[in-house]
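Okay, structure first, notes after.
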Amino acid sequence: MIVSPAQARREAAHLARQRLLADPCYLDTETTGLGPQDEIIEVCLLDANGQVQFESLVRPTRPIPMDALALHGITDAMVATAPRWSEVWPRLRDSMQSRSIAVYNADFDARLLRQTQAIHGLTEAVDTSGFFCLMQLYAQYRGEWDNSRRSFRWQSLETARRQLGLELPNVHRARDDALLARALLHVMASTT
């Protein structure tokens, strides 16, 4: 059953308020691309107050493609002396453990976490059970129905930023995007 945009927004705002009660962390990654062979090259985890809990560049196993570089500006030189994923993962995992984690496009980041583990030869499973997707919540909040997908229309983080009039930058770097995701959840939760 399709609900009205106003009802969808009210329900999304209510869900956002519930999510905020859990004092979530906010995760964002930057990657070498979108495909099955791509890997994480930057990660940031913020606490509920927007303070950095963990942040690192990550040295990939292969050069950063030009199309990815054009998006986030992370160069091979920037990651040349960065730690490998095998060094980053234990610290990130410990910071995420037993936490509610807000992620804009959680499916993508969860997939890239698993892919990066595999690419770097790590067999430890990635627990994403605490993840919740801000992109899907914002799609409901926005209330634009997509008949072909039979769900609310997804918006990019940049589109959501513009639609809400948020002044935070979206420069496709992990910390800035995590801060933007945090602001987005707070705006949705403040809607009555």
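Going through the structure tokens in order, the chains are called A, B, and so on, while each chain numbers its residues from 1 and the ligands are numbered from 1 in the order shown.
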
Residues within 12 Å of A:Gly165, only C-alpha atoms, excluding chain neighbours under 4 positions, as number ranges by chain: A: 158-161, 169, 180, 183-184, 187

Considering only C-alpha atoms, return as a list in words whatever protein or nucleic-acid residues lie within 9 Å of stretch 105-118 of chain A, sequence-local ones (same chain, fewer than 6 positions apart) excluded.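 The contact residues come out as Leu27, Asp28, Thr29, Thr31, Leu34, Pro36, Gln37, Asp38, Glu39, Ile40, Pro60, Trp85, Ser86, Trp89, Glu124, Ala125, Val126, Asp127, Thr128, Phe131, Phe132, Cys133, Leu134, Met135, Gln136, Ser156 and Leu157 of chain A.
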
Got a sec: who's within 6 Å of A:Ala68, counting only C-alpha atoms, leaving out chain neighbours fewer than 2 positions off, as an NGL selection string? :A and (32-33 or 65-66 or 70-71)

With DSSP run on the backbone, what are the helix (DSSP H, G or I) residues within stretch 12-188 of chain A? I'd like them as a PyMOL selection string. chain A and resi 12-21+66-72+76-79+85-96+106-119+134-142+157-164+174-188

Quick one: residues within 12 Å of A:Arg91, only C-alpha atoms counted, chain neighbours fewer than 2 positions away excluded, as an mmCIF file with C-alpha atoms, in the first residue's frame?
```cif
data_model
loop_
_atom_site.group_PDB
_atom_site.id
_atom_site.type_symbol
_atom_site.label_atom_id
_atom_site.label_comp_id
_atom_site.auth_asym_id
_atom_site.auth_seq_id
_atom_site.Cartn_x
_atom_site.Cartn_y
_atom_site.Cartn_z
ATOM 1 C CA VAL A 43 37.151 5.426 6.257
ATOM 2 C CA CYS A 44 35.726 7.606 9.003
ATOM 3 C CA LEU A 45 33.571 6.709 11.994
ATOM 4 C CA GLN A 53 36.138 7.868 16.691
ATOM 5 C CA PHE A 54 38.286 6.469 13.922
ATOM 6 C CA GLU A 55 39.636 7.894 10.675
ATOM 7 C CA SER A 56 42.255 6.673 8.251
ATOM 8 C CA PRO A 83 48.307 1.683 6.607
ATOM 9 C CA ARG A 84 47.051 -1.414 4.814
ATOM 10 C CA TRP A 85 43.516 -2.641 5.474
ATOM 11 C CA SER A 86 44.896 -5.406 7.704
ATOM 12 C CA GLU A 87 46.144 -2.667 10.066
ATOM 13 C CA VAL A 88 43.031 -0.490 9.782
ATOM 14 C CA TRP A 89 40.372 -3.188 10.148
ATOM 15 C CA ARG A 93 36.059 -3.150 14.032
ATOM 16 C CA ASP A 94 36.697 -2.407 17.705
ATOM 17 C CA SER A 95 35.297 1.118 17.299
ATOM 18 C CA MET A 96 32.127 -0.203 15.630
ATOM 19 C CA GLN A 97 31.548 -3.120 17.976
#
```

Sel. of strand (DSSP E) residues, chain A, as a PyMOL selection string: chain A and resi 25-31+40-46+52-57+101-103+131-133+145-146+151-152

Quick one: which stretch 166-192 of chain A residues come within 12 Å of stretch 140-148 of chain A, and what is the nearest atom pair for each with the distance in Å to one decimal, counting only C-alpha atoms, rows ordered by chain and ascending number, as JSON lines?
```
{"residue": "A:Leu184", "atom": "CA", "partner": "A:Tyr141", "partner_atom": "CA", "distance": 10.7}
{"residue": "A:Leu185", "atom": "CA", "partner": "A:Tyr141", "partner_atom": "CA", "distance": 10.4}
{"residue": "A:Val187", "atom": "CA", "partner": "A:Tyr141", "partner_atom": "CA", "distance": 10.5}
{"residue": "A:Met188", "atom": "CA", "partner": "A:Tyr141", "partner_atom": "CA", "distance": 7.2}
{"residue": "A:Ala189", "atom": "CA", "partner": "A:Tyr141", "partner_atom": "CA", "distance": 10.0}
{"residue": "A:Ser190", "atom": "CA", "partner": "A:Tyr141", "partner_atom": "CA", "distance": 11.9}
{"residue": "A:Thr191", "atom": "CA", "partner": "A:Tyr141", "partner_atom": "CA", "distance": 9.7}
{"residue": "A:Thr192", "atom": "CA", "partner": "A:Tyr141", "partner_atom": "CA", "distance": 11.7}
```

Please write the residues from the selection above to a file, keeping N, CA and C atoms, as a PDB file, in the first residue's frame.
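Output file again.pdb follows:
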```
ATOM      1  N   LEU A 184      21.843  15.136   8.361  1.00  0.00           N
ATOM      2  CA  LEU A 184      20.635  14.683   7.687  1.00  0.00           C
ATOM      3  C   LEU A 184      19.710  13.955   8.662  1.00  0.00           C
ATOM      4  N   LEU A 185      20.260  13.058   9.463  1.00  0.00           N
ATOM      5  CA  LEU A 185      19.433  12.334  10.440  1.00  0.00           C
ATOM      6  C   LEU A 185      18.823  13.298  11.442  1.00  0.00           C
ATOM      7  N   VAL A 187      18.089  16.495  11.004  1.00  0.00           N
ATOM      8  CA  VAL A 187      17.022  17.262  10.354  1.00  0.00           C
ATOM      9  C   VAL A 187      15.766  16.420  10.258  1.00  0.00           C
ATOM     10  N   MET A 188      15.894  15.187   9.826  1.00  0.00           N
ATOM     11  CA  MET A 188      14.708  14.323   9.712  1.00  0.00           C
ATOM     12  C   MET A 188      14.059  14.130  11.079  1.00  0.00           C
ATOM     13  N   ALA A 189      14.869  13.940  12.104  1.00  0.00           N
ATOM     14  CA  ALA A 189      14.324  13.709  13.451  1.00  0.00           C
ATOM     15  C   ALA A 189      13.647  14.939  14.017  1.00  0.00           C
ATOM     16  N   SER A 190      14.046  16.130  13.569  1.00  0.00           N
ATOM     17  CA  SER A 190      13.461  17.350  14.118  1.00  0.00           C
ATOM     18  C   SER A 190      12.143  17.735  13.444  1.00  0.00           C
ATOM     19  N   THR A 191      11.761  17.013  12.397  1.00  0.00           N
ATOM     20  CA  THR A 191      10.519  17.308  11.687  1.00  0.00           C
ATOM     21  C   THR A 191       9.329  16.815  12.501  1.00  0.00           C
ATOM     22  N   THR A 192       8.343  17.670  12.619  1.00  0.00           N
ATOM     23  CA  THR A 192       7.152  17.275  13.377  1.00  0.00           C
ATOM     24  C   THR A 192       6.003  16.946  12.443  1.00  0.00           C
TER      25      THR A 192
END
```

Expressed in Å to a single decimal, how great is the separation between atom CA of A:Gln51 and atom CA of A:His72? 21.4 Å

Hey, which of A:Ala80, A:Ala102, A:Leu57, A:Ala8 ends up closest to A:Asp23? Count only C-alpha atoms.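 Using only C-alpha atoms, A:Asp23 sits closest to A:Ala102.
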
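The residue that comes closest to A:Arg62, out of A:Ala174, A:Val79, A:Ala6, A:Ala12 and on the basis of only C-alpha atoms, is A:Val79.
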